[in-house]
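Inspection log for the structure reproduced underneath, given as structure tokens.
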Amino acid sequence: MPGTDLVRLRYALTAFFALDGFVFAGWVVRIPAIKEQTGASSSALGLALLGVSAGAVVTMTLTGRLCRRYGSHLVTVVCAVLLCLSVALPPLTHSAAALGTVLLLFGAAYGGINVAFNSAAVDLVAALRRPVMPSFHAAFSLGGMIGAGLGALVAGSLSPTRHLWGLAAVGLLVTAVAGRSLMRCEPLTPADTGRSGRPAPRRPDRRTRALVIVFGLIALCTAYGEGALADWGALHLEEDLGASPGAAAVGYTLFALAMTIGRLTGTTLLERLGRTRTILAGGSTATVGMLLGALAPSLPAALLGYAVTGLGLANLFPVAIERAGALAGAGGVATASTLGYGGMLLGPPAIGFMADWFSLPAALTSVAVLAAVATVIGFATRNARAA
């Protein structure tokens with residue numbers, strides 16, 4: 001594939017990563033308003049929100065096959081359209097059951113597009129012969145920050161219906177522009193990516209599948225930390241360190257900002273250190289940062305710990321997904337993504353149970369423990385190759 005086509009493909013995929021983060025964050029900030037609209041109790045809302053998780057996990061396991069059959073570019077565009085249309089549906093519901101039903105569709109589109117564009121990105125990374133995977137995930141983070149910030153600004157003046165319908169319209173416009181560019185790019189071939197010209201086996205061998213699962217565990221450890229800090233980070237600062245609600249909210253903002261900065265500089269870091277040392281450095285940094293964030297006796301030290309944790313975790317997920325995809329293609333991306341998403345689901349409830357058994361600061365140290373586990377896995381798989 002010519003170099004100009006590779007550049008066009010990179011821009012198109014970057015737009016879809018940013019769109020995914022933008023749409024998902026825009027939905028998240030309107031959850032309280034949707035809860036009030038449907039009249040759902042907290043427990044009923046929790047069950048309804050499981051629709052997103054259930055739809056995503058089920059679809060992730062199937063999208064790898066769809067990418068192999070129809071191509072990751074087409075699947076990305078189709079899932080983007082479904083994502084934009086489905087985000088407009090929650091304001092139309094008036095019960096927790098109806099909300100859970102439409103969130104199944106939203107979660108399915110969210111899970112599908114994540115596997116599809118990560119699969120396309122893995123092929124592009126191989127074709128460019130540069131470790132640019134973190135830049136795509138940085139676009140997702142930036143899209144999420146813009147979506148959340150915009151949602152916070154309009155929450156007081158726009159109803160959830162107008163906000164999410166506007167979000168859908170913007171998303172469909174971006175999909176039309178970026179999708180046209182993406183579909184004009186021919187799917188990357190083995191010659192483009194520098195891989196062997198022989199067709200890949202339909203089912204990877206046992207050793208390769210095991211390695212994919214191992215890299216999925218790195219993604220799980222990383223996403224566990226993201227989910228835990230998103231749901232419990234501010235509460236720790238407010239309840240255990242006496243921070244005001246505003247100051248407590250700064251904690252996750254610093255974490256997300258540091259993660260975005262880490263991903264924006266991830267390509268340079270990978271080019272200088274390589275994948276293994278990037279995982280070792282990131283995992284070690286996150287371990288130290290989260291121990292400080294969880295156990296520090298003062299608010300400034302805890303905020304510093306959150307920021308350091310964000311920098312440490314930033315590139316672990318992109319590297320894990322890229323390595324899984326390099327080993328087993330779209331199926332590898334699907335497996336690792338499913339495990340990673342499972343970690344994000346596991347984090348918040350696990351922290352809650354441990355906080356009841358011990359304390360919230362002690363529970364948050366589990367993020368540091370799993371970051372250390374990711375570091376050990378990264379070292380153990382430093383020479384991993386497909387059979």
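Scheme for the structure tokens: letters A, B, ... for chains in order shown; per-chain residue numbers from 1; ligand numbers from 1 in order shown.
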(message) Env of Arg65 in chain A: 10 Å cut, atoms = only C-alpha atoms, seq-sep filter 6 positions within chain, self excluded. Answer as a count of residues only.
(response) 6
(message) Applying 9 Å and only C-alpha atoms, which residues near Val288 in chain A remain after dropping the ones on its own chain fewer than 6 positions away? List them as JSON, numbers by chain.
(response) {"A": [305, 308, 309, 368]}
Using all heavy atoms, can you write the selected residues to a file as a compact mmCIF listing (two decimals), in the first residue's frame?
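Contents of the output file part23.txt:
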# COMPACT_ATOMS: atom_id res chain seq x y z
N GLY A 305 0.04 10.77 43.40
CA GLY A 305 0.00 9.33 43.16
C GLY A 305 -0.96 8.96 42.03
O GLY A 305 -0.65 8.11 41.19
N VAL A 308 0.75 9.86 38.72
CA VAL A 308 1.82 8.91 38.41
C VAL A 308 1.23 7.58 37.94
O VAL A 308 1.75 6.94 37.02
CB VAL A 308 2.74 8.72 39.64
CG1 VAL A 308 3.72 7.57 39.41
CG2 VAL A 308 3.49 10.01 39.94
N THR A 309 0.15 7.17 38.58
CA THR A 309 -0.52 5.93 38.17
C THR A 309 -1.01 6.03 36.72
O THR A 309 -0.87 5.08 35.94
CB THR A 309 -1.71 5.62 39.10
OG1 THR A 309 -1.26 5.54 40.45
CG2 THR A 309 -2.38 4.31 38.71
N ALA A 368 -2.36 -1.47 42.61
CA ALA A 368 -0.91 -1.56 42.60
C ALA A 368 -0.45 -3.01 42.45
O ALA A 368 0.51 -3.31 41.73
CB ALA A 368 -0.33 -0.95 43.88
(message) Need to verify the contact set: Gly352 in chain A, 12 Å, only C-alpha atoms, exclusion of same-chain residues closer than 3 positions in sequence. Can you return it as a list in words?
(response)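 Neighbouring residues, sequence-local ones excluded: Gly227, Ala228, Leu229, Asp231, Trp232, Gly233, Leu235, His236, Leu346, Gly347, Pro348, Pro349, Ala355, Asp356, Trp357, Phe358, Ser359, Leu360, Pro361, Ala362, Ala363, Leu364 and Ser366 of chain A.
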(request) Please identify which residues in range 63-133 of chain A DSSP calls helix (DSSP H, G or I) from the backbone, and express them as number ranges by chain. (result) A: 63-70, 72-86, 90-92, 96-128, 133
(request) Would you kindly return, as JSON, numbers by chain, each protein, DNA or RNA residue with an atom no farther than 8 Å from any atom of Leu217 in chain A, considering only C-alpha atoms and excluding same-chain residues fewer than 2 positions away? (result) {"A": [213, 214, 215, 219, 220, 221, 336, 339, 340, 374]}
Long-range neighbours of range 261-269 of chain A as a short mmCIF file (atom, residue, chain, number, x, y, z; two decimals) with N, CA and C atoms, in the first residue's frame, 12 Å cut-off, only C-alpha atoms, 2 positions minimum in chain:
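In the end it all went to result_18.cif:
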data_model
loop_
_atom_site.label_atom_id
_atom_site.label_comp_id
_atom_site.auth_asym_id
_atom_site.auth_seq_id
_atom_site.Cartn_x
_atom_site.Cartn_y
_atom_site.Cartn_z
N VAL A 125 0.03 -0.77 12.32
CA VAL A 125 1.29 -0.70 13.07
C VAL A 125 2.35 -1.57 12.40
N ARG A 129 5.66 -0.19 10.53
CA ARG A 129 6.88 -0.60 11.24
C ARG A 129 7.29 0.44 12.27
N ARG A 130 6.27 1.04 12.89
CA ARG A 130 6.48 1.99 13.98
C ARG A 130 5.45 1.69 15.06
N PRO A 131 5.82 1.77 16.32
CA PRO A 131 4.87 1.44 17.41
C PRO A 131 3.93 2.59 17.70
N VAL A 132 2.98 2.83 16.80
CA VAL A 132 2.07 3.98 16.93
C VAL A 132 0.77 3.63 17.63
N MET A 133 0.64 2.42 18.14
CA MET A 133 -0.61 2.02 18.78
C MET A 133 -1.04 2.97 19.91
N PRO A 134 -0.12 3.44 20.76
CA PRO A 134 -0.57 4.35 21.83
C PRO A 134 -1.23 5.62 21.31
N SER A 135 -0.86 6.08 20.12
CA SER A 135 -1.46 7.32 19.61
C SER A 135 -2.95 7.14 19.34
N PHE A 136 -3.36 5.94 18.93
CA PHE A 136 -4.79 5.69 18.71
C PHE A 136 -5.55 5.72 20.04
N HIS A 137 -4.97 5.12 21.05
CA HIS A 137 -5.63 5.10 22.35
C HIS A 137 -5.59 6.49 23.01
N ALA A 138 -4.59 7.30 22.65
CA ALA A 138 -4.59 8.69 23.10
C ALA A 138 -5.76 9.44 22.50
N ALA A 139 -6.08 9.14 21.23
CA ALA A 139 -7.24 9.77 20.58
C ALA A 139 -8.52 9.38 21.29
N PHE A 140 -8.62 8.11 21.71
CA PHE A 140 -9.78 7.67 22.48
C PHE A 140 -9.88 8.47 23.78
N SER A 141 -8.76 8.61 24.48
CA SER A 141 -8.77 9.35 25.75
C SER A 141 -9.15 10.81 25.54
N LEU A 142 -8.59 11.43 24.49
CA LEU A 142 -8.91 12.83 24.21
C LEU A 142 -10.39 12.98 23.85
N LEU A 254 -6.86 14.35 36.97
CA LEU A 254 -5.40 14.24 36.86
C LEU A 254 -4.98 12.87 36.33
N PHE A 255 -5.65 11.84 36.82
CA PHE A 255 -5.35 10.48 36.35
C PHE A 255 -5.59 10.37 34.85
N ALA A 256 -6.75 10.84 34.38
CA ALA A 256 -7.09 10.75 32.96
C ALA A 256 -6.17 11.61 32.10
N LEU A 257 -5.84 12.80 32.58
CA LEU A 257 -4.96 13.69 31.84
C LEU A 257 -3.56 13.08 31.73
N ALA A 258 -3.06 12.52 32.84
CA ALA A 258 -1.73 11.90 32.81
C ALA A 258 -1.72 10.70 31.86
N MET A 259 -2.80 9.93 31.85
CA MET A 259 -2.87 8.79 30.94
C MET A 259 -2.88 9.26 29.48
N GLU A 271 9.70 3.46 20.88
CA GLU A 271 10.84 3.46 19.96
C GLU A 271 12.16 3.48 20.72
N ARG A 272 12.17 4.12 21.87
CA ARG A 272 13.42 4.22 22.64
C ARG A 272 13.64 3.02 23.56
N LEU A 273 12.57 2.53 24.16
CA LEU A 273 12.70 1.47 25.15
C LEU A 273 12.35 0.09 24.62
N GLY A 274 11.46 0.01 23.62
CA GLY A 274 10.96 -1.28 23.18
C GLY A 274 9.74 -1.68 24.02
N ARG A 275 9.04 -2.71 23.56
CA ARG A 275 7.79 -3.09 24.21
C ARG A 275 8.01 -3.61 25.63
N THR A 276 8.99 -4.50 25.79
CA THR A 276 9.18 -5.12 27.11
C THR A 276 9.55 -4.09 28.16
N ARG A 277 10.52 -3.24 27.86
CA ARG A 277 10.94 -2.25 28.86
C ARG A 277 9.86 -1.20 29.10
N THR A 278 9.04 -0.93 28.07
CA THR A 278 7.92 -0.01 28.29
C THR A 278 6.92 -0.60 29.27
N ILE A 279 6.63 -1.89 29.13
CA ILE A 279 5.72 -2.55 30.08
C ILE A 279 6.34 -2.58 31.47
N ALA A 281 8.63 -0.56 32.76
CA ALA A 281 8.67 0.79 33.33
C ALA A 281 7.27 1.27 33.70
N GLY A 282 6.30 1.01 32.81
CA GLY A 282 4.94 1.45 33.08
C GLY A 282 4.32 0.74 34.27
N THR A 285 5.99 1.94 37.50
CA THR A 285 5.56 3.30 37.82
C THR A 285 4.15 3.32 38.39
N ALA A 286 3.26 2.54 37.76
CA ALA A 286 1.87 2.48 38.25
C ALA A 286 1.80 1.87 39.63
N ALA A 307 -1.79 10.83 39.47
CA ALA A 307 -1.18 11.25 38.21
C ALA A 307 -0.08 10.27 37.78
N VAL A 308 0.75 9.86 38.72
CA VAL A 308 1.82 8.91 38.41
C VAL A 308 1.23 7.58 37.94
N THR A 309 0.15 7.17 38.58
CA THR A 309 -0.52 5.93 38.17
C THR A 309 -1.01 6.03 36.72
N GLY A 310 -1.60 7.17 36.36
CA GLY A 310 -2.06 7.36 34.99
C GLY A 310 -0.94 7.27 33.98
N LEU A 311 0.21 7.87 34.31
CA LEU A 311 1.37 7.78 33.42
C LEU A 311 1.84 6.34 33.28
N GLY A 312 1.83 5.61 34.39
CA GLY A 312 2.31 4.23 34.36
C GLY A 312 1.41 3.30 33.57
N LEU A 313 0.11 3.45 33.75
CA LEU A 313 -0.84 2.55 33.08
C LEU A 313 -1.05 2.89 31.61
N ALA A 314 -0.68 4.09 31.21
CA ALA A 314 -1.07 4.64 29.91
C ALA A 314 -0.85 3.69 28.74
N ASN A 315 0.33 3.09 28.64
CA ASN A 315 0.67 2.33 27.44
C ASN A 315 0.60 0.82 27.60
N LEU A 316 0.22 0.35 28.78
CA LEU A 316 0.17 -1.11 28.97
C LEU A 316 -0.94 -1.73 28.13
N PHE A 317 -2.13 -1.14 28.14
CA PHE A 317 -3.25 -1.69 27.38
C PHE A 317 -2.97 -1.67 25.86
N PRO A 318 -2.55 -0.53 25.28
CA PRO A 318 -2.26 -0.54 23.84
C PRO A 318 -1.20 -1.56 23.43
N VAL A 319 -0.14 -1.68 24.22
CA VAL A 319 0.91 -2.64 23.88
C VAL A 319 0.39 -4.07 23.96
#
(message) Could you tell me how far CA of Gly112 in chain A sits from CA of Leu82 in chain A, in Å to one decimal place?
(response)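 For CA of Leu82 in chain A relative to CA of Gly112 in chain A, the distance reads 9.7 Å.
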(request) Show which residues sit within 7 Å of Gly293 in chain A, as number ranges by chain. Count only C-alpha atoms, and ignore same-chain residues fewer than 3 positions away. (result) A: 289-290, 296, 301-303, 305-306
Please, could you write that set of residues out with N, CA, C and O atoms as an mmCIF file, in the first residue's frame?
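Listed below is the output, part-v8.cif:
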data_model
loop_
_atom_site.group_PDB
_atom_site.id
_atom_site.type_symbol
_atom_site.label_atom_id
_atom_site.label_comp_id
_atom_site.auth_asym_id
_atom_site.auth_seq_id
_atom_site.Cartn_x
_atom_site.Cartn_y
_atom_site.Cartn_z
ATOM 1 N N GLY A 289 2.956 4.563 42.012
ATOM 2 C CA GLY A 289 1.992 5.651 42.026
ATOM 3 C C GLY A 289 0.723 5.300 42.787
ATOM 4 O O GLY A 289 0.209 6.104 43.563
ATOM 5 N N MET A 290 0.219 4.059 42.594
ATOM 6 C CA MET A 290 -1.034 3.698 43.252
ATOM 7 C C MET A 290 -0.831 3.442 44.742
ATOM 8 O O MET A 290 -1.741 3.715 45.539
ATOM 9 N N ALA A 296 -1.201 7.496 50.907
ATOM 10 C CA ALA A 296 -0.666 8.790 51.332
ATOM 11 C C ALA A 296 -1.590 9.440 52.355
ATOM 12 O O ALA A 296 -2.814 9.381 52.222
ATOM 13 N N ALA A 301 -0.276 14.602 48.121
ATOM 14 C CA ALA A 301 0.493 13.389 47.819
ATOM 15 C C ALA A 301 -0.378 12.360 47.092
ATOM 16 O O ALA A 301 0.071 11.692 46.155
ATOM 17 N N ALA A 302 -1.630 12.245 47.518
ATOM 18 C CA ALA A 302 -2.526 11.299 46.857
ATOM 19 C C ALA A 302 -2.800 11.710 45.412
ATOM 20 O O ALA A 302 -2.836 10.868 44.508
ATOM 21 N N LEU A 303 -2.992 13.014 45.186
ATOM 22 C CA LEU A 303 -3.206 13.502 43.819
ATOM 23 C C LEU A 303 -1.989 13.217 42.947
ATOM 24 O O LEU A 303 -2.118 12.836 41.778
ATOM 25 N N GLY A 305 0.038 10.767 43.396
ATOM 26 C CA GLY A 305 -0.004 9.332 43.160
ATOM 27 C C GLY A 305 -0.956 8.959 42.032
ATOM 28 O O GLY A 305 -0.646 8.106 41.194
ATOM 29 N N TYR A 306 -2.119 9.616 41.972
ATOM 30 C CA TYR A 306 -3.077 9.349 40.894
ATOM 31 C C TYR A 306 -2.465 9.691 39.531
ATOM 32 O O TYR A 306 -2.630 8.947 38.559
#
With only C-alpha atoms counted and 12 Å as the cut-off, give the residues of range 173-278 of chain A in contact with range 21-43 of chain A, each with its shortest interatomic distance in Å and the pair that gives it, as a Markdown table.
| residue | atom | partner | partner_atom | distance |
| --- | --- | --- | --- | --- |
| A:Val174 | CA | A:Phe22 | CA | 11.1 |
| A:Thr175 | CA | A:Val23 | CA | 11.8 |
| A:Ala230 | CA | A:Val28 | CA | 11.5 |
Using C-alpha atoms, can you write the selected residues to a file as a short mmCIF file (atom, residue, chain, number, x, y, z; two decimals), in the first residue's frame?
data_model
loop_
_atom_site.label_atom_id
_atom_site.label_comp_id
_atom_site.auth_asym_id
_atom_site.auth_seq_id
_atom_site.Cartn_x
_atom_site.Cartn_y
_atom_site.Cartn_z
CA VAL A 174 -17.87 12.08 11.63
CA THR A 175 -18.61 8.50 10.59
CA ALA A 230 -13.05 6.03 37.85
#
(request) Pick out the closest residue to Leu103 in chain A from this set: A:Leu6, A:Ala56, A:Ala12, A:Val250. Count only C-alpha atoms. (result)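 Answer, going by the shortest atom-to-atom distance: A:Ala56.
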(message) Give me the residues near Leu13 in chain A as a VMD selection string, where near means some atom within 8 Å (using only C-alpha atoms) and where sequence neighbours in that chain fewer than 4 positions away do not count.
(response) chain A and resid 9 17 117 120 to 121 136 178 182
(message) Please compute the CA of Arg8 in chain A-CA of Ser119 in chain A distance, one decimal, in Å.
(response) 16.6 Å
(message) Please compute the CA of Ala249 in chain A-CA of Glu226 in chain A distance, one decimal, in Å.
(response) 14.8 Å
